[in-house]
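Dropping target01.cif in here (mmCIF, N, CA and C atoms):
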data_run
loop_
_atom_site.label_atom_id
_atom_site.label_comp_id
_atom_site.auth_asym_id
_atom_site.auth_seq_id
_atom_site.Cartn_x
_atom_site.Cartn_y
_atom_site.Cartn_z
N MET A 141 8.72 40.18 14.72
CA MET A 141 7.51 39.81 15.40
C MET A 141 6.47 39.32 14.39
N LYS A 142 6.39 40.04 13.26
CA LYS A 142 5.43 39.66 12.24
C LYS A 142 5.78 38.28 11.67
N ASN A 143 7.08 38.01 11.46
CA ASN A 143 7.52 36.72 10.95
C ASN A 143 7.21 35.60 11.94
N ALA A 144 7.34 35.86 13.21
CA ALA A 144 7.05 34.85 14.23
C ALA A 144 5.57 34.50 14.22
N LYS A 145 4.69 35.50 14.07
CA LYS A 145 3.25 35.25 14.02
C LYS A 145 2.89 34.44 12.77
N MET A 146 3.51 34.78 11.66
CA MET A 146 3.26 34.05 10.41
C MET A 146 3.73 32.60 10.53
N SER A 147 4.90 32.41 11.15
CA SER A 147 5.42 31.05 11.33
C SER A 147 4.51 30.23 12.23
N MET A 148 4.05 30.81 13.31
CA MET A 148 3.16 30.10 14.23
C MET A 148 1.83 29.77 13.55
N ALA A 149 1.32 30.69 12.76
CA ALA A 149 0.07 30.45 12.04
C ALA A 149 0.25 29.31 11.03
N ALA A 150 1.38 29.28 10.34
CA ALA A 150 1.64 28.22 9.37
C ALA A 150 1.77 26.87 10.06
N ILE A 151 2.43 26.83 11.20
CA ILE A 151 2.57 25.57 11.94
C ILE A 151 1.21 25.09 12.44
N ALA A 152 0.39 25.99 12.97
CA ALA A 152 -0.93 25.63 13.46
C ALA A 152 -1.81 25.12 12.33
N PHE A 153 -1.73 25.77 11.18
CA PHE A 153 -2.52 25.34 10.02
C PHE A 153 -2.10 23.96 9.54
N ALA A 154 -0.79 23.70 9.49
CA ALA A 154 -0.28 22.40 9.07
C ALA A 154 -0.68 21.31 10.05
N ALA A 155 -0.60 21.60 11.34
CA ALA A 155 -0.98 20.61 12.35
C ALA A 155 -2.47 20.28 12.26
N ALA A 156 -3.29 21.29 12.06
CA ALA A 156 -4.74 21.05 11.91
C ALA A 156 -5.02 20.20 10.68
N GLY A 157 -4.28 20.42 9.62
CA GLY A 157 -4.46 19.63 8.40
C GLY A 157 -4.11 18.17 8.60
N LEU A 158 -3.12 17.89 9.41
CA LEU A 158 -2.73 16.51 9.67
C LEU A 158 -3.82 15.74 10.42
N PHE A 159 -4.53 16.42 11.32
CA PHE A 159 -5.57 15.76 12.10
C PHE A 159 -6.91 15.75 11.40
N ALA A 160 -7.05 16.46 10.29
CA ALA A 160 -8.33 16.55 9.59
C ALA A 160 -8.65 15.29 8.80
N PHE A 161 -7.65 14.52 8.46
CA PHE A 161 -7.86 13.34 7.64
C PHE A 161 -7.82 12.08 8.48
N ASN A 162 -8.85 11.26 8.35
CA ASN A 162 -8.85 9.94 8.98
C ASN A 162 -8.46 8.93 7.92
N ALA A 163 -7.64 7.99 8.29
CA ALA A 163 -7.23 6.96 7.34
C ALA A 163 -8.42 6.05 7.04
N VAL A 164 -8.66 5.81 5.76
CA VAL A 164 -9.72 4.90 5.36
C VAL A 164 -9.18 3.49 5.44
N LYS A 165 -9.86 2.65 6.19
CA LYS A 165 -9.46 1.26 6.30
C LYS A 165 -10.20 0.48 5.24
N VAL A 166 -9.44 -0.18 4.38
CA VAL A 166 -10.05 -0.93 3.29
C VAL A 166 -10.40 -2.34 3.76
N GLY A 167 -11.37 -2.93 3.09
CA GLY A 167 -11.79 -4.29 3.39
C GLY A 167 -11.64 -5.16 2.17
N SER A 168 -12.36 -6.28 2.16
CA SER A 168 -12.29 -7.18 1.02
C SER A 168 -13.62 -7.91 0.87
N VAL A 169 -13.78 -8.53 -0.31
CA VAL A 169 -14.93 -9.37 -0.61
C VAL A 169 -14.39 -10.72 -1.04
N LYS A 170 -14.86 -11.79 -0.40
CA LYS A 170 -14.37 -13.12 -0.76
C LYS A 170 -15.54 -14.08 -0.89
N GLY A 171 -15.28 -15.18 -1.59
CA GLY A 171 -16.30 -16.18 -1.77
C GLY A 171 -15.80 -17.34 -2.60
N THR A 172 -16.74 -18.22 -2.95
CA THR A 172 -16.41 -19.38 -3.77
C THR A 172 -17.35 -19.45 -4.96
N VAL A 173 -16.92 -20.17 -5.98
CA VAL A 173 -17.71 -20.34 -7.20
C VAL A 173 -17.85 -21.84 -7.45
N ASN A 174 -19.05 -22.24 -7.85
CA ASN A 174 -19.32 -23.65 -8.15
C ASN A 174 -19.98 -23.73 -9.52
N PRO A 175 -19.44 -24.51 -10.45
CA PRO A 175 -18.25 -25.35 -10.40
C PRO A 175 -16.97 -24.52 -10.34
N ALA A 176 -15.98 -25.08 -9.68
CA ALA A 176 -14.73 -24.37 -9.38
C ALA A 176 -13.97 -23.91 -10.61
N ASP A 177 -14.04 -24.68 -11.70
CA ASP A 177 -13.26 -24.33 -12.90
C ASP A 177 -14.08 -23.58 -13.95
N ALA A 178 -15.27 -23.11 -13.59
CA ALA A 178 -16.16 -22.49 -14.56
C ALA A 178 -16.05 -20.96 -14.63
N ALA A 179 -15.23 -20.36 -13.79
CA ALA A 179 -15.14 -18.89 -13.77
C ALA A 179 -13.70 -18.42 -13.91
N VAL A 180 -13.58 -17.19 -14.41
CA VAL A 180 -12.27 -16.60 -14.66
C VAL A 180 -11.92 -15.53 -13.63
N ARG A 181 -12.87 -14.61 -13.40
CA ARG A 181 -12.59 -13.41 -12.64
C ARG A 181 -13.81 -13.01 -11.82
N ALA A 182 -13.55 -12.34 -10.70
CA ALA A 182 -14.61 -11.74 -9.89
C ALA A 182 -14.42 -10.23 -9.90
N TRP A 183 -15.52 -9.50 -10.07
CA TRP A 183 -15.51 -8.04 -10.11
C TRP A 183 -16.35 -7.50 -8.97
N ALA A 184 -15.94 -6.39 -8.38
CA ALA A 184 -16.73 -5.67 -7.39
C ALA A 184 -16.90 -4.24 -7.91
N LEU A 185 -18.15 -3.83 -8.10
CA LEU A 185 -18.45 -2.52 -8.66
C LEU A 185 -19.25 -1.68 -7.66
N SER A 186 -18.85 -0.45 -7.49
CA SER A 186 -19.62 0.51 -6.69
C SER A 186 -19.69 1.81 -7.48
N SER A 187 -20.29 2.81 -6.89
CA SER A 187 -20.39 4.09 -7.60
C SER A 187 -19.03 4.76 -7.78
N THR A 188 -18.04 4.37 -6.97
CA THR A 188 -16.72 5.00 -7.05
C THR A 188 -15.57 4.04 -7.32
N ASP A 189 -15.84 2.73 -7.33
CA ASP A 189 -14.77 1.75 -7.44
C ASP A 189 -15.09 0.64 -8.43
N THR A 190 -14.07 0.16 -9.11
CA THR A 190 -14.14 -1.06 -9.91
C THR A 190 -12.91 -1.88 -9.56
N LEU A 191 -13.15 -3.03 -8.92
CA LEU A 191 -12.06 -3.89 -8.47
C LEU A 191 -12.22 -5.27 -9.06
N LYS A 192 -11.13 -6.01 -9.18
CA LYS A 192 -11.23 -7.37 -9.73
C LYS A 192 -10.21 -8.28 -9.08
N ALA A 193 -10.49 -9.59 -9.17
CA ALA A 193 -9.57 -10.60 -8.66
C ALA A 193 -9.73 -11.86 -9.50
N GLU A 194 -8.65 -12.58 -9.67
CA GLU A 194 -8.69 -13.85 -10.38
C GLU A 194 -9.35 -14.90 -9.48
N ILE A 195 -9.99 -15.86 -10.12
CA ILE A 195 -10.58 -16.98 -9.38
C ILE A 195 -9.62 -18.15 -9.50
N ASN A 196 -9.20 -18.67 -8.36
CA ASN A 196 -8.22 -19.75 -8.31
C ASN A 196 -8.82 -20.93 -7.55
N LYS A 197 -9.00 -22.04 -8.24
CA LYS A 197 -9.57 -23.26 -7.66
C LYS A 197 -10.92 -22.99 -7.00
N GLY A 198 -11.70 -22.13 -7.64
CA GLY A 198 -13.05 -21.85 -7.17
C GLY A 198 -13.16 -20.81 -6.07
N THR A 199 -12.06 -20.20 -5.67
CA THR A 199 -12.13 -19.18 -4.62
C THR A 199 -11.58 -17.85 -5.13
N PHE A 200 -12.06 -16.78 -4.51
CA PHE A 200 -11.57 -15.44 -4.87
C PHE A 200 -11.59 -14.55 -3.64
N GLU A 201 -10.76 -13.52 -3.68
CA GLU A 201 -10.79 -12.45 -2.69
C GLU A 201 -10.42 -11.15 -3.38
N ILE A 202 -11.36 -10.24 -3.39
CA ILE A 202 -11.15 -8.92 -3.97
C ILE A 202 -10.70 -8.01 -2.83
N THR A 203 -9.48 -7.51 -2.92
CA THR A 203 -8.91 -6.70 -1.84
C THR A 203 -8.99 -5.21 -2.16
N ASP A 204 -8.63 -4.41 -1.20
CA ASP A 204 -8.58 -2.94 -1.30
C ASP A 204 -9.95 -2.32 -1.56
N ALA A 205 -11.00 -2.92 -1.02
CA ALA A 205 -12.35 -2.39 -1.19
C ALA A 205 -12.63 -1.35 -0.11
N LYS A 206 -12.98 -0.15 -0.53
CA LYS A 206 -13.35 0.90 0.40
C LYS A 206 -14.72 0.57 1.00
N PRO A 207 -15.01 1.05 2.19
CA PRO A 207 -16.33 0.79 2.78
C PRO A 207 -17.44 1.28 1.85
N GLY A 208 -18.49 0.47 1.72
CA GLY A 208 -19.60 0.82 0.86
C GLY A 208 -20.34 -0.40 0.37
N THR A 209 -21.24 -0.18 -0.59
CA THR A 209 -22.05 -1.25 -1.15
C THR A 209 -21.60 -1.55 -2.57
N TYR A 210 -21.44 -2.83 -2.87
CA TYR A 210 -20.90 -3.28 -4.15
C TYR A 210 -21.85 -4.25 -4.85
N ARG A 211 -21.68 -4.34 -6.15
CA ARG A 211 -22.27 -5.40 -6.96
C ARG A 211 -21.11 -6.30 -7.36
N VAL A 212 -21.21 -7.59 -7.00
CA VAL A 212 -20.15 -8.55 -7.33
C VAL A 212 -20.60 -9.34 -8.55
N ILE A 213 -19.74 -9.38 -9.56
CA ILE A 213 -20.02 -10.10 -10.80
C ILE A 213 -18.96 -11.18 -10.98
N ILE A 214 -19.42 -12.39 -11.26
CA ILE A 214 -18.52 -13.50 -11.54
C ILE A 214 -18.49 -13.67 -13.06
N GLU A 215 -17.30 -13.52 -13.63
CA GLU A 215 -17.11 -13.67 -15.08
C GLU A 215 -16.88 -15.15 -15.38
N ALA A 216 -17.84 -15.76 -16.07
CA ALA A 216 -17.82 -17.20 -16.30
C ALA A 216 -17.21 -17.56 -17.65
N LYS A 217 -16.76 -18.82 -17.74
CA LYS A 217 -16.29 -19.39 -18.99
C LYS A 217 -17.48 -20.05 -19.68
N PRO A 218 -17.56 -19.97 -21.03
CA PRO A 218 -18.62 -20.68 -21.73
C PRO A 218 -18.51 -22.18 -21.47
N PRO A 219 -19.58 -22.87 -21.35
CA PRO A 219 -20.98 -22.54 -21.63
C PRO A 219 -21.72 -21.94 -20.43
N TYR A 220 -21.00 -21.59 -19.35
CA TYR A 220 -21.64 -21.01 -18.17
C TYR A 220 -21.94 -19.54 -18.39
N LYS A 221 -22.92 -19.03 -17.63
CA LYS A 221 -23.33 -17.63 -17.71
C LYS A 221 -22.75 -16.85 -16.53
N ASN A 222 -22.45 -15.58 -16.77
CA ASN A 222 -22.00 -14.71 -15.69
C ASN A 222 -23.08 -14.66 -14.60
N ALA A 223 -22.64 -14.46 -13.37
CA ALA A 223 -23.57 -14.36 -12.25
C ALA A 223 -23.26 -13.07 -11.49
N ALA A 224 -24.28 -12.52 -10.81
CA ALA A 224 -24.09 -11.27 -10.06
C ALA A 224 -24.79 -11.36 -8.72
N LYS A 225 -24.25 -10.64 -7.77
CA LYS A 225 -24.86 -10.53 -6.44
C LYS A 225 -24.84 -9.05 -6.07
N ASP A 226 -26.02 -8.50 -5.83
CA ASP A 226 -26.15 -7.08 -5.50
C ASP A 226 -26.18 -6.87 -3.99
N GLY A 227 -25.89 -5.65 -3.58
CA GLY A 227 -26.02 -5.26 -2.18
C GLY A 227 -24.98 -5.84 -1.25
N VAL A 228 -23.79 -6.09 -1.75
CA VAL A 228 -22.71 -6.62 -0.91
C VAL A 228 -22.08 -5.44 -0.17
N THR A 229 -22.16 -5.48 1.15
CA THR A 229 -21.67 -4.37 1.97
C THR A 229 -20.30 -4.68 2.53
N VAL A 230 -19.37 -3.75 2.33
CA VAL A 230 -18.02 -3.86 2.89
C VAL A 230 -17.91 -2.83 4.00
N ALA A 231 -17.54 -3.31 5.19
CA ALA A 231 -17.37 -2.43 6.34
C ALA A 231 -15.90 -2.03 6.46
N ASP A 232 -15.65 -1.00 7.23
CA ASP A 232 -14.32 -0.46 7.46
C ASP A 232 -13.35 -1.54 7.95
N GLY A 233 -12.38 -1.92 7.11
CA GLY A 233 -11.35 -2.85 7.50
C GLY A 233 -11.79 -4.30 7.67
N GLN A 234 -12.97 -4.66 7.17
CA GLN A 234 -13.50 -6.02 7.36
C GLN A 234 -13.50 -6.81 6.05
N ALA A 235 -13.42 -8.13 6.18
CA ALA A 235 -13.58 -9.03 5.04
C ALA A 235 -15.04 -9.47 4.99
N THR A 236 -15.68 -9.32 3.84
CA THR A 236 -17.07 -9.73 3.65
C THR A 236 -17.09 -11.03 2.87
N ASP A 237 -17.63 -12.08 3.46
CA ASP A 237 -17.72 -13.38 2.81
C ASP A 237 -19.12 -13.51 2.22
N ILE A 238 -19.20 -13.62 0.88
CA ILE A 238 -20.52 -13.72 0.23
C ILE A 238 -20.93 -15.15 -0.02
N GLY A 239 -20.12 -16.10 0.45
CA GLY A 239 -20.49 -17.51 0.34
C GLY A 239 -20.26 -18.05 -1.07
N GLU A 240 -21.07 -19.05 -1.42
CA GLU A 240 -20.92 -19.73 -2.70
C GLU A 240 -21.86 -19.15 -3.75
N ILE A 241 -21.32 -18.95 -4.94
CA ILE A 241 -22.11 -18.52 -6.09
C ILE A 241 -22.12 -19.67 -7.09
N LYS A 242 -23.33 -20.14 -7.40
CA LYS A 242 -23.47 -21.25 -8.35
C LYS A 242 -23.70 -20.68 -9.74
N LEU A 243 -22.90 -21.17 -10.69
CA LEU A 243 -23.02 -20.72 -12.08
C LEU A 243 -23.94 -21.69 -12.84
N GLU A 244 -24.75 -21.11 -13.70
CA GLU A 244 -25.66 -21.90 -14.52
C GLU A 244 -25.21 -21.89 -15.97
N GLN A 245 -25.61 -22.94 -16.69
CA GLN A 245 -25.27 -23.03 -18.12
C GLN A 245 -26.34 -22.36 -18.95
#
Please lay out the structure from this file as structure tokens.
Amino acid sequence: MKNAKMSMAAIAFAAAGLFAFNAVKVGSVKGTVNPADAAVRAWALSSTDTLKAEINKGTFEITDAKPGTYRVIIEAKPPYKNAAKDGVTVADGQATDIGEIKLEQ
């Protein structure tokens, strides 16, 4: 009888644990860079995440971004300067398009 109660308690505890976690749906940050060949990489920084993506023909998409607010940095090739955009919000499972980022020399 004691073993049956322990088994039932263990099953109930395990079942409760399975329902306690909600799956986090990741999103992405995408955009374009002008001039198209002036940048190497795009970075998305938050208090808990550092993500990056290569820039290909002036476009990028940083994937696997958890919901939250990011700072996006475009890593430029000389003679261009790096550019940043603050306050980029990624929602649960959504793609955030930040539009075009123009690089300056």
Using the chain letters and numbering of this document, enumerate as a tab-separated table (two decimals) with N, CA and C atoms, in the coordinates of the input the residues selected by the PyMOL selection byres ((chain A and resi 201) around 6.5).
chain	number	residue	atom	x	y	z
A	168	SER	N	-12.36	-6.28	2.16
A	168	SER	CA	-12.29	-7.18	1.02
A	168	SER	C	-13.62	-7.91	0.87
A	169	VAL	N	-13.78	-8.53	-0.31
A	169	VAL	CA	-14.93	-9.37	-0.61
A	169	VAL	C	-14.39	-10.72	-1.04
A	170	LYS	N	-14.86	-11.79	-0.40
A	170	LYS	CA	-14.37	-13.12	-0.76
A	170	LYS	C	-15.54	-14.08	-0.89
A	171	GLY	N	-15.28	-15.18	-1.59
A	171	GLY	CA	-16.30	-16.18	-1.77
A	171	GLY	C	-15.80	-17.34	-2.60
A	192	LYS	N	-11.13	-6.01	-9.18
A	192	LYS	CA	-11.23	-7.37	-9.73
A	192	LYS	C	-10.21	-8.28	-9.08
A	193	ALA	N	-10.49	-9.59	-9.17
A	193	ALA	CA	-9.57	-10.60	-8.66
A	193	ALA	C	-9.73	-11.86	-9.50
A	194	GLU	N	-8.65	-12.58	-9.67
A	194	GLU	CA	-8.69	-13.85	-10.38
A	194	GLU	C	-9.35	-14.90	-9.48
A	199	THR	N	-12.06	-20.20	-5.67
A	199	THR	CA	-12.13	-19.18	-4.62
A	199	THR	C	-11.58	-17.85	-5.13
A	200	PHE	N	-12.06	-16.78	-4.51
A	200	PHE	CA	-11.57	-15.44	-4.87
A	200	PHE	C	-11.59	-14.55	-3.64
A	202	ILE	N	-11.36	-10.24	-3.39
A	202	ILE	CA	-11.15	-8.92	-3.97
A	202	ILE	C	-10.70	-8.01	-2.83
A	203	THR	N	-9.48	-7.51	-2.92
A	203	THR	CA	-8.91	-6.70	-1.84
A	203	THR	C	-8.99	-5.21	-2.16
> Any chance you could work out the residue set of the PyMOL selection byres ((chain A and resi 209) around 6.5) here, as number ranges by chain?
Replying inline: A: 185-187, 207-208, 210-211, 227-230
>> I'd like the neighbourhood of segment 243-245 of chain A as a PyMOL selection string, where a residue qualifies if any of its atoms comes within 7 Å (using only C-alpha atoms), though same-chain residues fewer than 3 positions away should be ignored.
In response: chain A and resi 174-175+219-221+223
Take the residues just selected and output them with N, CA and C atoms as a PDB file, keeping the file's coordinate frame.
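File produced: part.pdb:
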ATOM      1  N   ASN A 174     -19.050 -22.240  -7.850  1.00  0.00           N
ATOM      2  CA  ASN A 174     -19.320 -23.650  -8.150  1.00  0.00           C
ATOM      3  C   ASN A 174     -19.980 -23.730  -9.520  1.00  0.00           C
ATOM      4  N   PRO A 175     -19.440 -24.510 -10.450  1.00  0.00           N
ATOM      5  CA  PRO A 175     -18.250 -25.350 -10.400  1.00  0.00           C
ATOM      6  C   PRO A 175     -16.970 -24.520 -10.340  1.00  0.00           C
ATOM      7  N   PRO A 219     -19.580 -22.870 -21.350  1.00  0.00           N
ATOM      8  CA  PRO A 219     -20.980 -22.540 -21.630  1.00  0.00           C
ATOM      9  C   PRO A 219     -21.720 -21.940 -20.430  1.00  0.00           C
ATOM     10  N   TYR A 220     -21.000 -21.590 -19.350  1.00  0.00           N
ATOM     11  CA  TYR A 220     -21.640 -21.010 -18.170  1.00  0.00           C
ATOM     12  C   TYR A 220     -21.940 -19.540 -18.390  1.00  0.00           C
ATOM     13  N   LYS A 221     -22.920 -19.030 -17.630  1.00  0.00           N
ATOM     14  CA  LYS A 221     -23.330 -17.630 -17.710  1.00  0.00           C
ATOM     15  C   LYS A 221     -22.750 -16.850 -16.530  1.00  0.00           C
ATOM     16  N   ALA A 223     -22.640 -14.460 -13.370  1.00  0.00           N
ATOM     17  CA  ALA A 223     -23.570 -14.360 -12.250  1.00  0.00           C
ATOM     18  C   ALA A 223     -23.260 -13.070 -11.490  1.00  0.00           C
TER      19      ALA A 223
END
> For the file shown, what are the residues hit by the PyMOL selection byres (((chain A and resi 233 and name CA) around 6) and name CA), laid out as a PyMOL selection string?
Replying inline: chain A and resi 165-167+232+234
With N, CA and C atoms retained, export the selected residues as a short mmCIF file (atom, residue, chain, number, x, y, z; two decimals), keeping the file's coordinate frame.
data_model
loop_
_atom_site.label_atom_id
_atom_site.label_comp_id
_atom_site.auth_asym_id
_atom_site.auth_seq_id
_atom_site.Cartn_x
_atom_site.Cartn_y
_atom_site.Cartn_z
N LYS A 165 -9.86 2.65 6.19
CA LYS A 165 -9.46 1.26 6.30
C LYS A 165 -10.20 0.48 5.24
N VAL A 166 -9.44 -0.18 4.38
CA VAL A 166 -10.05 -0.93 3.29
C VAL A 166 -10.40 -2.34 3.76
N GLY A 167 -11.37 -2.93 3.09
CA GLY A 167 -11.79 -4.29 3.39
C GLY A 167 -11.64 -5.16 2.17
N ASP A 232 -15.65 -1.00 7.23
CA ASP A 232 -14.32 -0.46 7.46
C ASP A 232 -13.35 -1.54 7.95
N GLN A 234 -12.97 -4.66 7.17
CA GLN A 234 -13.50 -6.02 7.36
C GLN A 234 -13.50 -6.81 6.05
#
>> Please report the interatomic distance between atom CA of Asp237 of chain A and atom CA of Lys197 of chain A in Å with one decimal.
In response: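 Separating atom CA of Asp237 of chain A from atom CA of Lys197 of chain A is a distance of 16.5 Å.
Across A:Ile214, A:Ala235, A:Ala205, A:Ile241, the tightest approach to Val180 of chain A is made by A:Ile214 when counting only C-alpha atoms.
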>> Please return, as a list in words, all residues of segment 209-241 of chain A that DSSP assigns to strand (DSSP E or B) on the basis of the backbone.
In response: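 Filtering segment 209-241 of chain A down to strand (DSSP E or B) leaves Thr209, Tyr210, Arg211, Val212, Ile213, Ile214, Glu215, Ala216, Ala223, Ala224, Lys225, Asp226, Gly227, Val228, Thr229, Val230, Ala235, Thr236, Asp237, Ile238, Gly239, Glu240 and Ile241 of chain A.
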> What does the distance between atom CA of Glu215 of chain A and atom C of Thr188 of chain A come to in Å, to one decimal place?
Replying inline: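 Taking atom CA of Glu215 of chain A and atom C of Thr188 of chain A, their separation equals 19.4 Å.
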Would you please take segment 186-207 of chain A of the structure in the block above and write N, CA and C atoms to a file as a PDB file, in the first residue's frame?
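File written: result13.pdb
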ATOM      1  N   SER A 186      21.108  41.324 -26.196  1.00  0.00           N
ATOM      2  CA  SER A 186      20.153  41.604 -25.121  1.00  0.00           C
ATOM      3  C   SER A 186      20.846  41.305 -23.803  1.00  0.00           C
ATOM      4  N   SER A 187      20.124  41.438 -22.721  1.00  0.00           N
ATOM      5  CA  SER A 187      20.741  41.168 -21.418  1.00  0.00           C
ATOM      6  C   SER A 187      21.072  39.689 -21.240  1.00  0.00           C
ATOM      7  N   THR A 188      20.441  38.811 -22.032  1.00  0.00           N
ATOM      8  CA  THR A 188      20.674  37.369 -21.886  1.00  0.00           C
ATOM      9  C   THR A 188      21.160  36.678 -23.149  1.00  0.00           C
ATOM     10  N   ASP A 189      21.207  37.389 -24.276  1.00  0.00           N
ATOM     11  CA  ASP A 189      21.517  36.751 -25.551  1.00  0.00           C
ATOM     12  C   ASP A 189      22.517  37.553 -26.371  1.00  0.00           C
ATOM     13  N   THR A 190      23.365  36.855 -27.104  1.00  0.00           N
ATOM     14  CA  THR A 190      24.213  37.444 -28.132  1.00  0.00           C
ATOM     15  C   THR A 190      24.092  36.555 -29.358  1.00  0.00           C
ATOM     16  N   LEU A 191      23.490  37.107 -30.413  1.00  0.00           N
ATOM     17  CA  LEU A 191      23.244  36.345 -31.634  1.00  0.00           C
ATOM     18  C   LEU A 191      23.884  37.058 -32.809  1.00  0.00           C
ATOM     19  N   LYS A 192      24.210  36.317 -33.863  1.00  0.00           N
ATOM     20  CA  LYS A 192      24.813  36.956 -35.038  1.00  0.00           C
ATOM     21  C   LYS A 192      24.364  36.247 -36.304  1.00  0.00           C
ATOM     22  N   ALA A 193      24.486  36.984 -37.418  1.00  0.00           N
ATOM     23  CA  ALA A 193      24.179  36.425 -38.734  1.00  0.00           C
ATOM     24  C   ALA A 193      25.049  37.121 -39.768  1.00  0.00           C
ATOM     25  N   GLU A 194      25.416  36.390 -40.794  1.00  0.00           N
ATOM     26  CA  GLU A 194      26.188  36.959 -41.892  1.00  0.00           C
ATOM     27  C   GLU A 194      25.265  37.835 -42.745  1.00  0.00           C
ATOM     28  N   ILE A 195      25.857  38.845 -43.350  1.00  0.00           N
ATOM     29  CA  ILE A 195      25.107  39.700 -44.268  1.00  0.00           C
ATOM     30  C   ILE A 195      25.431  39.239 -45.682  1.00  0.00           C
ATOM     31  N   ASN A 196      24.392  38.905 -46.430  1.00  0.00           N
ATOM     32  CA  ASN A 196      24.547  38.365 -47.778  1.00  0.00           C
ATOM     33  C   ASN A 196      23.778  39.256 -48.752  1.00  0.00           C
ATOM     34  N   LYS A 197      24.497  39.891 -49.657  1.00  0.00           N
ATOM     35  CA  LYS A 197      23.906  40.787 -50.659  1.00  0.00           C
ATOM     36  C   LYS A 197      23.048  41.866 -50.009  1.00  0.00           C
ATOM     37  N   GLY A 198      23.512  42.361 -48.880  1.00  0.00           N
ATOM     38  CA  GLY A 198      22.839  43.456 -48.200  1.00  0.00           C
ATOM     39  C   GLY A 198      21.680  43.068 -47.309  1.00  0.00           C
ATOM     40  N   THR A 199      21.404  41.789 -47.157  1.00  0.00           N
ATOM     41  CA  THR A 199      20.303  41.369 -46.286  1.00  0.00           C
ATOM     42  C   THR A 199      20.808  40.447 -45.184  1.00  0.00           C
ATOM     43  N   PHE A 200      20.066  40.449 -44.079  1.00  0.00           N
ATOM     44  CA  PHE A 200      20.419  39.558 -42.965  1.00  0.00           C
ATOM     45  C   PHE A 200      19.150  39.124 -42.249  1.00  0.00           C
ATOM     46  N   GLU A 201      19.249  37.987 -41.567  1.00  0.00           N
ATOM     47  CA  GLU A 201      18.203  37.528 -40.662  1.00  0.00           C
ATOM     48  C   GLU A 201      18.869  36.802 -39.507  1.00  0.00           C
ATOM     49  N   ILE A 202      18.688  37.360 -38.332  1.00  0.00           N
ATOM     50  CA  ILE A 202      19.216  36.765 -37.106  1.00  0.00           C
ATOM     51  C   ILE A 202      18.108  35.895 -36.532  1.00  0.00           C
ATOM     52  N   THR A 203      18.343  34.591 -36.473  1.00  0.00           N
ATOM     53  CA  THR A 203      17.311  33.657 -36.024  1.00  0.00           C
ATOM     54  C   THR A 203      17.527  33.243 -34.576  1.00  0.00           C
ATOM     55  N   ASP A 204      16.585  32.512 -34.044  1.00  0.00           N
ATOM     56  CA  ASP A 204      16.614  31.959 -32.682  1.00  0.00           C
ATOM     57  C   ASP A 204      16.636  33.038 -31.605  1.00  0.00           C
ATOM     58  N   ALA A 205      15.986  34.167 -31.862  1.00  0.00           N
ATOM     59  CA  ALA A 205      15.928  35.256 -30.889  1.00  0.00           C
ATOM     60  C   ALA A 205      14.760  35.017 -29.930  1.00  0.00           C
ATOM     61  N   LYS A 206      15.060  34.971 -28.649  1.00  0.00           N
ATOM     62  CA  LYS A 206      14.024  34.836 -27.636  1.00  0.00           C
ATOM     63  C   LYS A 206      13.260  36.155 -27.536  1.00  0.00           C
ATOM     64  N   PRO A 207      12.007  36.119 -27.111  1.00  0.00           N
ATOM     65  CA  PRO A 207      11.258  37.364 -26.965  1.00  0.00           C
ATOM     66  C   PRO A 207      11.988  38.333 -26.032  1.00  0.00           C
TER      67      PRO A 207
END
